[in-house]
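Note sheet for the following structure.
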Amino acid sequence: QVDGLNRPHLARLSGGTNETPSSGSMEFFVLATSVNEDVGSVDITAVRRGGLTGATSVDFATTNPNSGTAIAPADYTLTNGTLTFIEGQVTTTFTVDIIDDTTTNLNLTVDLSLTANGNGAVTAGRDAAVLTILDNDAVLGFTLATYNAIENGGLATISVRRGGGTVGLLTVDYSTADGTAIGVPVGGAGSGGFSFTNTTGTLTWADGDTTNKTFIVGLIDDAVNNSPRTVNLSLTNAINLMGSAVLGRSNAVLNILDNELGPGELRFVTNLFF
């Protein structure tokens, strides 16, 4: 009983001391961290678990040489030192400086380590972590150098791809121009003597969006037998609000294929008959 009531799941303890106080063990709070390359710097958190008695410390470092894919000092700044926990302290941090370049590349990784220095334990399996630097530089281009469409199809769909980094809202302008095909001017009307309708506009990718974007070129079907005609396609003015954007395949060609059959030619298969 406790306070005159039956309490079968309670126990009362009194007196005594903790005979084996612990300073705990130190480890990374998370084993994987990702940041955009334009962030400037990132704080990496170490945590102390299992006991908070007394002061303790652990050595930290960005591993050198780095077994990840990032290169110092081009992508980040090497750092190392000692983290100190005073009695009762649970977490502390160290900082890794990130370098923002204008080169389109894959996401890069930096290996991080915690090492015991004789003043405290380090948790096995949580003494190594990976920092991923997300590229914010994108490359834009047509998915093909040449597109083909039959003139009676009504329209041609042109696709544009975003490569490199996926960070940031991204835009690029597109336009068409006459090749051997003559197009209706932008904003114009009519179809006589024209093979397609010129068009202009802007394609937009949201932050993190990697799906291909498309625009449409309207085709005009005539009743004339002719050879394939070409439309010139262009991309210009690539903009990334959180990084850089460069143009890869910025020019392409649309071939408009004729759907009319000519009268052809009739002739004898041979000039000798027996």
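To be explicit about the labels: the chains of the structure tokens are called A, B, and onward in the order shown, and within each one the residues are counted from 1, while ligands get numbers from 1 in the order they are shown.
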Q.
I want to know what sits within 9 Å of Thr93 of chain A, based on only C-alpha atoms, with residues of the same chain fewer than 4 positions away left out; could you give that as a list in words?
A. Asp43, Ile44, Thr45, Ala46, Val47 and Leu83 of chain A
Selection export as a compact mmCIF listing (two decimals), in the first residue's frame, atoms kept: C-alpha atoms:
# COMPACT_ATOMS: atom_id res chain seq x y z
CA ASP A 43 26.57 22.70 -38.35
CA ILE A 44 27.12 19.00 -37.59
CA THR A 45 25.69 17.82 -34.26
CA ALA A 46 27.28 15.35 -31.87
CA VAL A 47 25.24 13.97 -28.98
CA LEU A 83 34.34 18.85 -29.03
(Q) Report as a ChimeraX atom specification all protein, DNA and RNA residues lying within 10 Å of Lys213 of chain A, evaluated on only C-alpha atoms, omitting residues in the same chain fewer than 3 positions from it. (A) /A:142-143,157-162,203-205,210
Next, the residues of the selection above should be written as a tab-separated table (two decimals), in the first residue's frame with N, CA and C atoms.
chain	number	residue	atom	x	y	z
A	142	PHE	N	17.87	20.45	-75.25
A	142	PHE	CA	16.91	19.61	-75.95
A	142	PHE	C	17.27	18.14	-75.73
A	143	THR	N	16.27	17.30	-75.61
A	143	THR	CA	16.54	15.87	-75.42
A	143	THR	C	17.06	15.21	-76.68
A	157	THR	N	5.63	17.73	-80.61
A	157	THR	CA	5.97	17.95	-79.21
A	157	THR	C	7.49	17.93	-79.05
A	158	ILE	N	8.03	19.02	-78.52
A	158	ILE	CA	9.48	19.18	-78.35
A	158	ILE	C	9.79	19.11	-76.85
A	159	SER	N	10.73	18.26	-76.47
A	159	SER	CA	11.04	18.06	-75.04
A	159	SER	C	12.40	18.65	-74.68
A	160	VAL	N	12.47	19.16	-73.46
A	160	VAL	CA	13.68	19.80	-72.93
A	160	VAL	C	13.99	19.17	-71.59
A	161	ARG	N	15.27	18.88	-71.36
A	161	ARG	CA	15.69	18.16	-70.15
A	161	ARG	C	16.49	19.07	-69.23
A	162	ARG	N	16.30	18.85	-67.92
A	162	ARG	CA	17.12	19.49	-66.89
A	162	ARG	C	18.11	18.46	-66.36
A	203	LEU	N	9.82	27.78	-70.29
A	203	LEU	CA	9.63	26.54	-69.55
A	203	LEU	C	10.13	26.74	-68.13
A	204	THR	N	9.43	26.13	-67.16
A	204	THR	CA	9.76	26.34	-65.75
A	204	THR	C	9.87	25.01	-65.02
A	205	TRP	N	10.92	24.88	-64.20
A	205	TRP	CA	11.08	23.75	-63.30
A	205	TRP	C	11.04	24.26	-61.86
A	210	THR	N	12.83	17.33	-61.77
A	210	THR	CA	13.73	16.84	-62.81
A	210	THR	C	12.98	16.30	-64.03
Q.
Which residues are close to Asn117 of chain A, i.e. within 12 Å by only C-alpha atoms, leaving aside same-chain residues fewer than 2 positions away? Reply as a PyMOL selection string.
A. chain A and resi 26+56-60+81-84+114-115+119-122
Output for the residues just chosen: N, CA, C and O atoms as a PDB file, in the first residue's frame:
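So the final result, stored in part.pdb, reads:
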ATOM      1  N   MET A  26      29.724   9.301 -26.845  1.00  0.00           N
ATOM      2  CA  MET A  26      29.440  10.344 -27.828  1.00  0.00           C
ATOM      3  C   MET A  26      29.290   9.748 -29.220  1.00  0.00           C
ATOM      4  O   MET A  26      29.944   8.760 -29.572  1.00  0.00           O
ATOM      5  N   THR A  56      33.619  15.629 -20.648  1.00  0.00           N
ATOM      6  CA  THR A  56      34.180  14.651 -21.573  1.00  0.00           C
ATOM      7  C   THR A  56      34.418  15.323 -22.913  1.00  0.00           C
ATOM      8  O   THR A  56      33.910  16.424 -23.163  1.00  0.00           O
ATOM      9  N   SER A  57      35.168  14.676 -23.784  1.00  0.00           N
ATOM     10  CA  SER A  57      35.459  15.283 -25.087  1.00  0.00           C
ATOM     11  C   SER A  57      35.708  14.209 -26.129  1.00  0.00           C
ATOM     12  O   SER A  57      35.978  13.044 -25.807  1.00  0.00           O
ATOM     13  N   VAL A  58      35.635  14.622 -27.391  1.00  0.00           N
ATOM     14  CA  VAL A  58      35.848  13.729 -28.525  1.00  0.00           C
ATOM     15  C   VAL A  58      36.443  14.544 -29.664  1.00  0.00           C
ATOM     16  O   VAL A  58      36.127  15.724 -29.819  1.00  0.00           O
ATOM     17  N   ASP A  59      37.317  13.942 -30.474  1.00  0.00           N
ATOM     18  CA  ASP A  59      37.899  14.618 -31.629  1.00  0.00           C
ATOM     19  C   ASP A  59      36.994  14.446 -32.848  1.00  0.00           C
ATOM     20  O   ASP A  59      36.405  13.381 -33.055  1.00  0.00           O
ATOM     21  N   PHE A  60      36.898  15.493 -33.654  1.00  0.00           N
ATOM     22  CA  PHE A  60      36.107  15.433 -34.876  1.00  0.00           C
ATOM     23  C   PHE A  60      36.994  15.803 -36.063  1.00  0.00           C
ATOM     24  O   PHE A  60      38.033  16.456 -35.903  1.00  0.00           O
ATOM     25  N   GLY A  81      39.165  19.133 -34.985  1.00  0.00           N
ATOM     26  CA  GLY A  81      39.297  19.736 -33.671  1.00  0.00           C
ATOM     27  C   GLY A  81      38.742  18.832 -32.597  1.00  0.00           C
ATOM     28  O   GLY A  81      38.603  17.615 -32.799  1.00  0.00           O
ATOM     29  N   THR A  82      38.414  19.415 -31.457  1.00  0.00           N
ATOM     30  CA  THR A  82      37.912  18.670 -30.299  1.00  0.00           C
ATOM     31  C   THR A  82      36.606  19.278 -29.825  1.00  0.00           C
ATOM     32  O   THR A  82      36.500  20.505 -29.686  1.00  0.00           O
ATOM     33  N   LEU A  83      35.618  18.433 -29.610  1.00  0.00           N
ATOM     34  CA  LEU A  83      34.344  18.845 -29.029  1.00  0.00           C
ATOM     35  C   LEU A  83      34.360  18.521 -27.544  1.00  0.00           C
ATOM     36  O   LEU A  83      34.688  17.392 -27.154  1.00  0.00           O
ATOM     37  N   THR A  84      33.997  19.494 -26.712  1.00  0.00           N
ATOM     38  CA  THR A  84      33.992  19.295 -25.266  1.00  0.00           C
ATOM     39  C   THR A  84      32.568  19.400 -24.726  1.00  0.00           C
ATOM     40  O   THR A  84      31.834  20.345 -25.065  1.00  0.00           O
ATOM     41  N   LEU A 114      34.204  10.913 -35.808  1.00  0.00           N
ATOM     42  CA  LEU A 114      34.439  11.180 -34.385  1.00  0.00           C
ATOM     43  C   LEU A 114      35.416  10.135 -33.880  1.00  0.00           C
ATOM     44  O   LEU A 114      35.254   8.939 -34.144  1.00  0.00           O
ATOM     45  N   THR A 115      36.428  10.585 -33.119  1.00  0.00           N
ATOM     46  CA  THR A 115      37.469   9.677 -32.640  1.00  0.00           C
ATOM     47  C   THR A 115      37.704   9.898 -31.157  1.00  0.00           C
ATOM     48  O   THR A 115      37.844  11.046 -30.705  1.00  0.00           O
ATOM     49  N   ASN A 119      39.378  10.870 -23.367  1.00  0.00           N
ATOM     50  CA  ASN A 119      38.572  11.594 -22.385  1.00  0.00           C
ATOM     51  C   ASN A 119      37.089  11.254 -22.470  1.00  0.00           C
ATOM     52  O   ASN A 119      36.255  11.987 -21.947  1.00  0.00           O
ATOM     53  N   GLY A 120      36.777  10.147 -23.135  1.00  0.00           N
ATOM     54  CA  GLY A 120      35.392   9.734 -23.240  1.00  0.00           C
ATOM     55  C   GLY A 120      35.238   8.665 -24.300  1.00  0.00           C
ATOM     56  O   GLY A 120      36.106   8.486 -25.162  1.00  0.00           O
ATOM     57  N   ALA A 121      34.125   7.945 -24.232  1.00  0.00           N
ATOM     58  CA  ALA A 121      33.863   6.855 -25.167  1.00  0.00           C
ATOM     59  C   ALA A 121      33.136   7.369 -26.396  1.00  0.00           C
ATOM     60  O   ALA A 121      32.442   8.393 -26.355  1.00  0.00           O
ATOM     61  N   VAL A 122      33.284   6.658 -27.513  1.00  0.00           N
ATOM     62  CA  VAL A 122      32.584   6.942 -28.755  1.00  0.00           C
ATOM     63  C   VAL A 122      31.757   5.724 -29.127  1.00  0.00           C
ATOM     64  O   VAL A 122      32.241   4.588 -29.048  1.00  0.00           O
TER      65      VAL A 122
END
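With only C-alpha atoms as the basis for measurement, A:Ile98 is the residue among A:Gly68, A:Ala156, A:Ala206, A:Ile98 that approaches Val39 of chain A most closely.
Across the model, the gap from atom CA of Ala149 of chain A to atom CA of Ala189 of chain A is 21.6 Å.
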